[in-house]
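Student: Just so it is clear, I am handing over my_file.pdb, which has PDB, N, CA and C atoms.
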```pdb
ATOM      1  N   MET L 543     -58.869  80.199 -53.260
ATOM      2  CA  MET L 543     -60.181  80.234 -52.662
ATOM      3  C   MET L 543     -61.038  79.107 -53.233
ATOM      4  N   VAL L 544     -61.636  78.330 -52.358
ATOM      5  CA  VAL L 544     -62.486  77.224 -52.768
ATOM      6  C   VAL L 544     -63.930  77.706 -52.772
ATOM      7  N   ASP L 545     -64.622  77.478 -53.876
ATOM      8  CA  ASP L 545     -65.996  77.924 -54.032
ATOM      9  C   ASP L 545     -66.935  76.842 -53.509
ATOM     10  N   ARG L 546     -67.405  77.025 -52.275
ATOM     11  CA  ARG L 546     -68.323  76.059 -51.688
ATOM     12  C   ARG L 546     -69.218  76.768 -50.690
ATOM     13  N   GLN L 547     -70.348  76.134 -50.351
ATOM     14  CA  GLN L 547     -71.248  76.699 -49.362
ATOM     15  C   GLN L 547     -71.726  75.582 -48.453
ATOM     16  N   LEU L 548     -71.968  75.911 -47.203
ATOM     17  CA  LEU L 548     -72.437  74.944 -46.221
ATOM     18  C   LEU L 548     -73.960  75.024 -46.153
ATOM     19  N   LEU L 549     -74.634  73.893 -46.420
ATOM     20  CA  LEU L 549     -76.096  73.854 -46.446
ATOM     21  C   LEU L 549     -76.613  72.685 -45.624
ATOM     22  N   LEU L 550     -77.792  72.864 -45.059
ATOM     23  CA  LEU L 550     -78.492  71.776 -44.384
ATOM     24  C   LEU L 550     -79.386  71.111 -45.425
ATOM     25  N   ILE L 551     -78.993  69.915 -45.840
ATOM     26  CA  ILE L 551     -79.709  69.188 -46.886
ATOM     27  C   ILE L 551     -80.120  67.834 -46.335
ATOM     28  N   ASN L 552     -81.423  67.573 -46.374
ATOM     29  CA  ASN L 552     -81.934  66.286 -45.924
ATOM     30  C   ASN L 552     -81.475  65.972 -44.493
ATOM     31  N   ASN L 553     -81.561  66.987 -43.611
ATOM     32  CA  ASN L 553     -81.182  66.887 -42.191
ATOM     33  C   ASN L 553     -79.709  66.579 -41.968
ATOM     34  N   GLN L 554     -78.849  66.965 -42.903
ATOM     35  CA  GLN L 554     -77.410  66.759 -42.766
ATOM     36  C   GLN L 554     -76.693  67.991 -43.292
ATOM     37  N   TRP L 555     -75.696  68.464 -42.542
ATOM     38  CA  TRP L 555     -74.897  69.595 -43.009
ATOM     39  C   TRP L 555     -73.886  69.101 -44.024
ATOM     40  N   LEU L 556     -73.880  69.711 -45.194
ATOM     41  CA  LEU L 556     -72.967  69.325 -46.272
ATOM     42  C   LEU L 556     -72.330  70.564 -46.878
ATOM     43  N   TRP L 557     -71.064  70.446 -47.219
ATOM     44  CA  TRP L 557     -70.442  71.458 -48.067
ATOM     45  C   TRP L 557     -70.892  71.147 -49.480
ATOM     46  N   VAL L 558     -71.293  72.156 -50.224
ATOM     47  CA  VAL L 558     -71.778  71.953 -51.598
ATOM     48  C   VAL L 558     -70.826  72.652 -52.557
ATOM     49  N   ARG L 559     -70.399  71.910 -53.564
ATOM     50  CA  ARG L 559     -69.569  72.450 -54.642
ATOM     51  C   ARG L 559     -70.234  72.096 -55.964
ATOM     52  N   HIS L 560     -69.947  72.896 -56.990
ATOM     53  CA  HIS L 560     -70.540  72.692 -58.320
ATOM     54  C   HIS L 560     -69.418  72.447 -59.324
ATOM     55  N   THR L 561     -69.587  71.433 -60.165
ATOM     56  CA  THR L 561     -68.615  71.215 -61.235
ATOM     57  C   THR L 561     -68.887  72.214 -62.358
ATOM     58  N   GLN L 562     -67.909  72.393 -63.211
ATOM     59  CA  GLN L 562     -68.095  73.284 -64.351
ATOM     60  C   GLN L 562     -69.166  72.727 -65.290
ATOM     61  N   ALA L 563     -69.226  71.408 -65.405
ATOM     62  CA  ALA L 563     -70.231  70.779 -66.266
ATOM     63  C   ALA L 563     -71.651  71.044 -65.760
ATOM     64  N   ALA L 564     -71.808  71.197 -64.442
ATOM     65  CA  ALA L 564     -73.128  71.474 -63.879
ATOM     66  C   ALA L 564     -73.631  72.849 -64.287
ATOM     67  N   ARG L 565     -72.739  73.712 -64.730
ATOM     68  CA  ARG L 565     -73.119  75.065 -65.148
ATOM     69  C   ARG L 565     -73.408  75.153 -66.654
ATOM     70  N   LYS L 566     -73.417  74.027 -67.343
ATOM     71  CA  LYS L 566     -73.592  73.992 -68.805
ATOM     72  C   LYS L 566     -74.845  74.736 -69.274
ATOM     73  N   HIS L 567     -75.953  74.591 -68.550
ATOM     74  CA  HIS L 567     -77.211  75.212 -68.959
ATOM     75  C   HIS L 567     -77.420  76.576 -68.316
ATOM     76  N   ARG L 568     -76.367  77.103 -67.697
ATOM     77  CA  ARG L 568     -76.347  78.455 -67.126
ATOM     78  C   ARG L 568     -77.430  78.683 -66.068
ATOM     79  N   ILE L 569     -77.622  77.680 -65.240
ATOM     80  CA  ILE L 569     -78.550  77.804 -64.109
ATOM     81  C   ILE L 569     -77.727  78.298 -62.923
ATOM     82  N   GLY L 570     -78.158  79.370 -62.285
ATOM     83  CA  GLY L 570     -77.414  79.956 -61.181
ATOM     84  C   GLY L 570     -77.414  79.079 -59.936
ATOM     85  N   LYS L 571     -76.370  79.238 -59.138
ATOM     86  CA  LYS L 571     -76.223  78.439 -57.922
ATOM     87  C   LYS L 571     -77.348  78.693 -56.925
ATOM     88  N   ALA L 572     -77.880  79.899 -56.886
ATOM     89  CA  ALA L 572     -78.987  80.200 -55.968
ATOM     90  C   ALA L 572     -80.234  79.395 -56.341
ATOM     91  N   HIS L 573     -80.468  79.200 -57.620
ATOM     92  CA  HIS L 573     -81.613  78.415 -58.080
ATOM     93  C   HIS L 573     -81.423  76.945 -57.700
ATOM     94  N   VAL L 574     -80.204  76.452 -57.871
ATOM     95  CA  VAL L 574     -79.893  75.068 -57.503
ATOM     96  C   VAL L 574     -80.034  74.892 -55.994
ATOM     97  N   THR L 575     -79.522  75.842 -55.220
ATOM     98  CA  THR L 575     -79.595  75.772 -53.762
ATOM     99  C   THR L 575     -81.043  75.686 -53.300
ATOM    100  N   HIS L 576     -81.920  76.451 -53.913
ATOM    101  CA  HIS L 576     -83.336  76.416 -53.537
ATOM    102  C   HIS L 576     -83.911  75.018 -53.728
ATOM    103  N   VAL L 577     -83.604  74.377 -54.836
ATOM    104  CA  VAL L 577     -84.101  73.023 -55.095
ATOM    105  C   VAL L 577     -83.509  72.046 -54.073
ATOM    106  N   LEU L 578     -82.221  72.177 -53.760
ATOM    107  CA  LEU L 578     -81.570  71.264 -52.822
ATOM    108  C   LEU L 578     -82.181  71.323 -51.428
ATOM    109  N   VAL L 579     -82.520  72.514 -50.961
ATOM    110  CA  VAL L 579     -83.008  72.642 -49.583
ATOM    111  C   VAL L 579     -84.525  72.495 -49.451
ATOM    112  N   THR L 580     -85.252  72.507 -50.559
ATOM    113  CA  THR L 580     -86.712  72.412 -50.466
ATOM    114  C   THR L 580     -87.283  71.103 -51.003
ATOM    115  N   THR L 581     -86.451  70.235 -51.534
ATOM    116  CA  THR L 581     -86.912  68.993 -52.150
ATOM    117  C   THR L 581     -86.150  67.810 -51.570
ATOM    118  N   ALA L 582     -86.834  66.711 -51.352
ATOM    119  CA  ALA L 582     -86.181  65.490 -50.869
ATOM    120  C   ALA L 582     -85.494  64.781 -52.038
ATOM    121  N   PRO L 583     -84.270  64.286 -51.818
ATOM    122  CA  PRO L 583     -83.560  63.602 -52.904
ATOM    123  C   PRO L 583     -84.002  62.148 -53.063
ATOM    124  N   LEU L 584     -83.798  61.646 -54.261
ATOM    125  CA  LEU L 584     -83.998  60.225 -54.563
ATOM    126  C   LEU L 584     -82.626  59.606 -54.775
ATOM    127  N   GLU L 585     -82.451  58.381 -54.330
ATOM    128  CA  GLU L 585     -81.184  57.694 -54.568
ATOM    129  C   GLU L 585     -81.185  57.140 -55.985
ATOM    130  N   THR L 586     -80.061  57.309 -56.672
ATOM    131  CA  THR L 586     -79.927  56.845 -58.046
ATOM    132  C   THR L 586     -78.451  56.541 -58.299
ATOM    133  N   THR L 587     -78.083  56.343 -59.548
ATOM    134  CA  THR L 587     -76.681  56.141 -59.904
ATOM    135  C   THR L 587     -76.322  57.050 -61.074
ATOM    136  N   THR L 588     -75.047  57.365 -61.176
ATOM    137  CA  THR L 588     -74.558  58.154 -62.304
ATOM    138  C   THR L 588     -74.458  57.252 -63.523
ATOM    139  N   ASN L 589     -74.130  57.827 -64.669
ATOM    140  CA  ASN L 589     -73.969  57.007 -65.878
ATOM    141  C   ASN L 589     -72.748  56.091 -65.778
ATOM    142  N   ARG L 590     -71.881  56.330 -64.785
ATOM    143  CA  ARG L 590     -70.728  55.448 -64.539
ATOM    144  C   ARG L 590     -71.042  54.372 -63.508
ATOM    145  N   GLY L 591     -72.254  54.415 -62.939
ATOM    146  CA  GLY L 591     -72.651  53.416 -61.971
ATOM    147  C   GLY L 591     -72.371  53.783 -60.520
ATOM    148  N   ASP L 592     -71.886  55.006 -60.265
ATOM    149  CA  ASP L 592     -71.611  55.443 -58.902
ATOM    150  C   ASP L 592     -72.903  55.890 -58.226
ATOM    151  N   PRO L 593     -73.017  55.692 -56.890
ATOM    152  CA  PRO L 593     -74.216  56.162 -56.194
ATOM    153  C   PRO L 593     -74.332  57.684 -56.267
ATOM    154  N   ALA L 594     -75.563  58.157 -56.422
ATOM    155  CA  ALA L 594     -75.799  59.591 -56.547
ATOM    156  C   ALA L 594     -77.156  59.928 -55.941
ATOM    157  N   LEU L 595     -77.393  61.220 -55.764
ATOM    158  CA  LEU L 595     -78.679  61.717 -55.286
ATOM    159  C   LEU L 595     -79.284  62.589 -56.370
ATOM    160  N   LEU L 596     -80.592  62.494 -56.560
ATOM    161  CA  LEU L 596     -81.285  63.247 -57.597
ATOM    162  C   LEU L 596     -82.422  64.039 -56.966
ATOM    163  N   TRP L 597     -82.435  65.319 -57.237
ATOM    164  CA  TRP L 597     -83.515  66.205 -56.809
ATOM    165  C   TRP L 597     -84.245  66.674 -58.060
ATOM    166  N   VAL L 598     -85.556  66.668 -58.038
ATOM    167  CA  VAL L 598     -86.368  67.274 -59.088
ATOM    168  C   VAL L 598     -87.354  68.180 -58.368
ATOM    169  N   GLY L 599     -87.221  69.484 -58.614
ATOM    170  CA  GLY L 599     -88.080  70.435 -57.934
ATOM    171  C   GLY L 599     -88.050  71.783 -58.618
ATOM    172  N   ARG L 600     -88.856  72.681 -58.116
ATOM    173  CA  ARG L 600     -88.970  74.014 -58.705
ATOM    174  C   ARG L 600     -88.064  74.996 -57.977
ATOM    175  N   ASP L 601     -87.439  75.881 -58.756
ATOM    176  CA  ASP L 601     -86.629  76.946 -58.166
ATOM    177  C   ASP L 601     -87.546  78.106 -57.776
ATOM    178  N   VAL L 602     -86.965  79.212 -57.340
ATOM    179  CA  VAL L 602     -87.764  80.344 -56.859
ATOM    180  C   VAL L 602     -88.591  80.986 -57.965
ATOM    181  N   THR L 603     -88.239  80.785 -59.219
ATOM    182  CA  THR L 603     -89.000  81.358 -60.327
ATOM    183  C   THR L 603     -90.079  80.413 -60.839
ATOM    184  N   GLY L 604     -90.146  79.185 -60.280
ATOM    185  CA  GLY L 604     -91.135  78.207 -60.707
ATOM    186  C   GLY L 604     -90.646  77.259 -61.781
ATOM    187  N   ARG L 605     -89.420  77.424 -62.229
ATOM    188  CA  ARG L 605     -88.850  76.551 -63.256
ATOM    189  C   ARG L 605     -88.447  75.222 -62.626
ATOM    190  N   GLU L 606     -88.874  74.110 -63.211
ATOM    191  CA  GLU L 606     -88.526  72.794 -62.673
ATOM    192  C   GLU L 606     -87.112  72.419 -63.113
ATOM    193  N   LEU L 607     -86.301  72.025 -62.122
ATOM    194  CA  LEU L 607     -84.916  71.647 -62.371
ATOM    195  C   LEU L 607     -84.662  70.218 -61.917
ATOM    196  N   GLU L 608     -83.760  69.576 -62.619
ATOM    197  CA  GLU L 608     -83.246  68.257 -62.244
ATOM    198  C   GLU L 608     -81.805  68.492 -61.786
ATOM    199  N   VAL L 609     -81.501  68.120 -60.552
ATOM    200  CA  VAL L 609     -80.164  68.351 -59.987
ATOM    201  C   VAL L 609     -79.621  67.011 -59.510
ATOM    202  N   MET L 610     -78.399  66.657 -59.954
ATOM    203  CA  MET L 610     -77.771  65.410 -59.517
ATOM    204  C   MET L 610     -76.457  65.734 -58.830
ATOM    205  N   GLY L 611     -76.221  65.055 -57.711
ATOM    206  CA  GLY L 611     -74.982  65.253 -56.979
ATOM    207  C   GLY L 611     -74.459  63.940 -56.430
ATOM    208  N   VAL L 612     -73.160  63.902 -56.204
ATOM    209  CA  VAL L 612     -72.517  62.748 -55.580
ATOM    210  C   VAL L 612     -71.902  63.207 -54.266
ATOM    211  N   THR L 613     -71.925  62.329 -53.282
ATOM    212  CA  THR L 613     -71.371  62.653 -51.969
ATOM    213  C   THR L 613     -69.944  62.145 -51.900
ATOM    214  N   LEU L 614     -69.045  63.052 -51.547
ATOM    215  CA  LEU L 614     -67.628  62.740 -51.377
ATOM    216  C   LEU L 614     -67.204  63.157 -49.979
ATOM    217  N   HIS L 615     -65.959  62.894 -49.620
ATOM    218  CA  HIS L 615     -65.403  63.359 -48.351
ATOM    219  C   HIS L 615     -64.077  64.039 -48.624
ATOM    220  N   ASP L 616     -63.840  65.158 -47.926
ATOM    221  CA  ASP L 616     -62.566  65.854 -48.092
ATOM    222  C   ASP L 616     -61.508  65.197 -47.202
ATOM    223  N   ALA L 617     -60.325  65.783 -47.144
ATOM    224  CA  ALA L 617     -59.213  65.215 -46.377
ATOM    225  C   ALA L 617     -59.546  65.084 -44.893
ATOM    226  N   ALA L 618     -60.403  65.949 -44.376
ATOM    227  CA  ALA L 618     -60.798  65.899 -42.961
ATOM    228  C   ALA L 618     -62.040  65.028 -42.758
ATOM    229  N   GLN L 619     -62.431  64.271 -43.781
ATOM    230  CA  GLN L 619     -63.600  63.398 -43.752
ATOM    231  C   GLN L 619     -64.917  64.152 -43.580
ATOM    232  N   MET L 620     -64.940  65.426 -43.979
ATOM    233  CA  MET L 620     -66.178  66.204 -43.979
ATOM    234  C   MET L 620     -66.944  65.878 -45.260
ATOM    235  N   PRO L 621     -68.265  65.651 -45.164
ATOM    236  CA  PRO L 621     -69.036  65.316 -46.368
ATOM    237  C   PRO L 621     -69.176  66.521 -47.301
ATOM    238  N   ILE L 622     -69.023  66.250 -48.583
ATOM    239  CA  ILE L 622     -69.169  67.261 -49.625
ATOM    240  C   ILE L 622     -70.164  66.734 -50.648
ATOM    241  N   LEU L 623     -71.132  67.557 -51.003
ATOM    242  CA  LEU L 623     -72.039  67.222 -52.100
ATOM    243  C   LEU L 623     -71.494  67.912 -53.339
ATOM    244  N   LEU L 624     -71.070  67.139 -54.310
ATOM    245  CA  LEU L 624     -70.561  67.676 -55.562
ATOM    246  C   LEU L 624     -71.686  67.635 -56.588
ATOM    247  N   VAL L 625     -72.210  68.808 -56.948
ATOM    248  CA  VAL L 625     -73.291  68.902 -57.933
ATOM    249  C   VAL L 625     -72.673  68.709 -59.314
ATOM    250  N   VAL L 626     -73.084  67.643 -59.997
ATOM    251  CA  VAL L 626     -72.483  67.293 -61.282
ATOM    252  C   VAL L 626     -73.413  67.527 -62.470
ATOM    253  N   HIS L 627     -74.708  67.765 -62.190
ATOM    254  CA  HIS L 627     -75.668  67.893 -63.295
ATOM    255  C   HIS L 627     -76.817  68.791 -62.854
ATOM    256  N   VAL L 628     -77.118  69.787 -63.654
ATOM    257  CA  VAL L 628     -78.285  70.647 -63.441
ATOM    258  C   VAL L 628     -78.941  70.837 -64.806
ATOM    259  N   PHE L 629     -80.246  70.558 -64.866
ATOM    260  CA  PHE L 629     -80.920  70.579 -66.156
ATOM    261  C   PHE L 629     -82.361  71.051 -65.983
ATOM    262  N   PRO L 630     -82.791  72.035 -66.755
ATOM    263  CA  PRO L 630     -84.213  72.414 -66.724
ATOM    264  C   PRO L 630     -85.029  71.315 -67.410
ATOM    265  N   THR L 631     -85.998  70.761 -66.709
ATOM    266  CA  THR L 631     -86.754  69.642 -67.274
ATOM    267  C   THR L 631     -87.560  70.044 -68.500
ATOM    268  N   ALA L 632     -87.842  71.316 -68.670
ATOM    269  CA  ALA L 632     -88.590  71.779 -69.852
ATOM    270  C   ALA L 632     -87.808  71.521 -71.139
ATOM    271  N   LEU L 633     -86.503  71.405 -71.062
ATOM    272  CA  LEU L 633     -85.690  71.151 -72.258
ATOM    273  C   LEU L 633     -85.655  69.673 -72.642
ATOM    274  N   ARG L 634     -86.095  68.815 -71.736
ATOM    275  CA  ARG L 634     -86.012  67.382 -71.995
ATOM    276  C   ARG L 634     -86.903  66.979 -73.157
ATOM    277  N   GLY L 635     -88.095  67.524 -73.272
ATOM    278  CA  GLY L 635     -88.994  67.186 -74.380
ATOM    279  C   GLY L 635     -89.695  65.857 -74.153
ATOM    280  N   GLU L 636     -90.485  65.474 -75.112
ATOM    281  CA  GLU L 636     -91.244  64.219 -75.041
ATOM    282  C   GLU L 636     -90.359  63.060 -75.413
ATOM    283  N   ARG L 637     -90.591  61.926 -74.790
ATOM    284  CA  ARG L 637     -89.839  60.694 -75.120
ATOM    285  C   ARG L 637     -90.764  59.626 -75.586
TER     286      ARG L 637
END
```
Spit out the file's structure as structure tokens when you get a sec.

Tutor:
Amino acid sequence: MVDRQLLLINNQWLWVRHTQAARKHRIGKAHVTHVLVTTAPLETTTNRGDPALLWVGRDVTGRELEVMGVTLHDAAQMPILLVVHVFPTALRGER
């Protein structure tokens, strides 16, 4: 069984999957989904230089989250958003 959900994100239907690393801070998928569907993404790059999308928005509880995903395609060329990073911005601290 493949753990994925079909969501309308930024006017495009995407299958969404989460990496194990994205669960590091124990943020639930429902909280991430809320940020994905209610916030417009910014184009950015990963630390490896690959193109990525970044969402910064509040979940249903009001907690601000930073969510990063990369767009891939499966064998049938269907777009998949792979969520690779989820982080509560309150933990970032001052820089």

Student: From the options L:Pro621, L:Pro593, L:Gly635, L:Gly599, which residue's atoms come nearest to His576 in chain L, counting only N, CA and C atoms?

Tutor: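 The answer is L:Gly599, which sits nearest to His576 in chain L.
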
Student: Quick check on the file I pasted: which residues fall under the PyMOL selection byres ((chain L and resi 583-586) around 7)? Write them as a compact mmCIF listing (two decimals) with N, CA and C atoms, keeping the file's coordinate frame.

Tutor:
```txt
# COMPACT_ATOMS: atom_id res chain seq x y z
N ASN L 552 -81.42 67.57 -46.37
CA ASN L 552 -81.93 66.29 -45.92
C ASN L 552 -81.47 65.97 -44.49
N THR L 581 -86.45 70.24 -51.53
CA THR L 581 -86.91 68.99 -52.15
C THR L 581 -86.15 67.81 -51.57
N ALA L 582 -86.83 66.71 -51.35
CA ALA L 582 -86.18 65.49 -50.87
C ALA L 582 -85.49 64.78 -52.04
N THR L 587 -78.08 56.34 -59.55
CA THR L 587 -76.68 56.14 -59.90
C THR L 587 -76.32 57.05 -61.07
N THR L 588 -75.05 57.36 -61.18
CA THR L 588 -74.56 58.15 -62.30
C THR L 588 -74.46 57.25 -63.52
N ASP L 592 -71.89 55.01 -60.26
CA ASP L 592 -71.61 55.44 -58.90
C ASP L 592 -72.90 55.89 -58.23
N PRO L 593 -73.02 55.69 -56.89
CA PRO L 593 -74.22 56.16 -56.19
C PRO L 593 -74.33 57.68 -56.27
N ALA L 594 -75.56 58.16 -56.42
CA ALA L 594 -75.80 59.59 -56.55
C ALA L 594 -77.16 59.93 -55.94
N LEU L 595 -77.39 61.22 -55.76
CA LEU L 595 -78.68 61.72 -55.29
C LEU L 595 -79.28 62.59 -56.37
N LEU L 596 -80.59 62.49 -56.56
CA LEU L 596 -81.28 63.25 -57.60
C LEU L 596 -82.42 64.04 -56.97
N TRP L 597 -82.44 65.32 -57.24
CA TRP L 597 -83.52 66.20 -56.81
C TRP L 597 -84.24 66.67 -58.06
N VAL L 598 -85.56 66.67 -58.04
CA VAL L 598 -86.37 67.27 -59.09
C VAL L 598 -87.35 68.18 -58.37
```

Student: Check the smallest atom-to-atom distance from each of L:Val579, L:Leu549, L:Leu623, L:Ala563 to Asp601 in chain L using only C-alpha atoms, then report the winner.

Tutor: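 Ranked by minimum distance to Asp601 in chain L, first place goes to L:Val579.
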
Student: What is the distance between CA of Asn589 in chain L and CA of Met620 in chain L, in Å to one decimal?

Tutor: 25.0 Å

Student: Name the residues captured by the PyMOL selection byres (((chain L and resi 631 and name CA) around 7) and name CA) when it is applied to the shown file; answer as a list in words.

Tutor: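 Applied to this file, the PyMOL selection byres (((chain L and resi 631 and name CA) around 7) and name CA) selects Glu606, Leu607, Glu608, Phe629, Pro630, Ala632, Leu633 and Arg634 of chain L.
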
Student: For each of L:Thr603, L:Thr561, L:Thr575, L:Thr580, take the minimum atom-to-atom distance to Val626 in chain L, counting all atoms listed in the file, then give the residue where this is smallest.

Tutor: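 Smallest separation from Val626 in chain L among the options: L:Thr561.
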
Student: What is the distance between CA of Ile569 in chain L and CA of Asn553 in chain L, in Å to one decimal?

Tutor: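 CA of Asn553 in chain L lies at a distance of 24.6 Å from CA of Ile569 in chain L.
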
Student: Given only C-alpha atoms as the basis, pick out the residue of L:Leu624, L:Arg605, L:Val612, L:Ala617 nearest to Val577 in chain L.

Tutor: L:Arg605

Student: Write out as an MDAnalysis selection string the set of residues from chain L that DSSP, computed on the backbone, places in helix (DSSP H, G or I).

Tutor: chainID L and resid 563:565 571:580 631:633

Student: From the list L:Ala618, L:Asp545, L:Thr613, L:Arg600, which residue is nearest Arg559 in chain L when using only N, CA and C atoms?

Tutor: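 Among L:Ala618, L:Asp545, L:Thr613, L:Arg600, it is L:Asp545 that comes nearest to Arg559 in chain L.
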
Student: Would you list, as a PyMOL selection string, the residues of range 564-619 of chain L that end up in strand (DSSP E or B) under DSSP run on this structure's backbone?

Tutor: chain L and resi 584-587+593-600+606-615

Student: Can you measure CA of Gln619 in chain L to atom N of Arg565 in chain L for me? One decimal in Å is fine.

Tutor: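 Computed distance, CA of Gln619 in chain L to atom N of Arg565 in chain L, equals 25.1 Å.
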
Student: Could you write out as AutoDock Vina command-line options the box around range 622-626 of chain L (axis-aligned, all atoms listed in the file, 4 Å on each side), with centre and edge lengths in Å to one decimal?

Tutor:
```
--center_x -71.2 --center_y 67.6 --center_z -55.5 --size_x 12.4 --size_y 10.7 --size_z 21.9
```
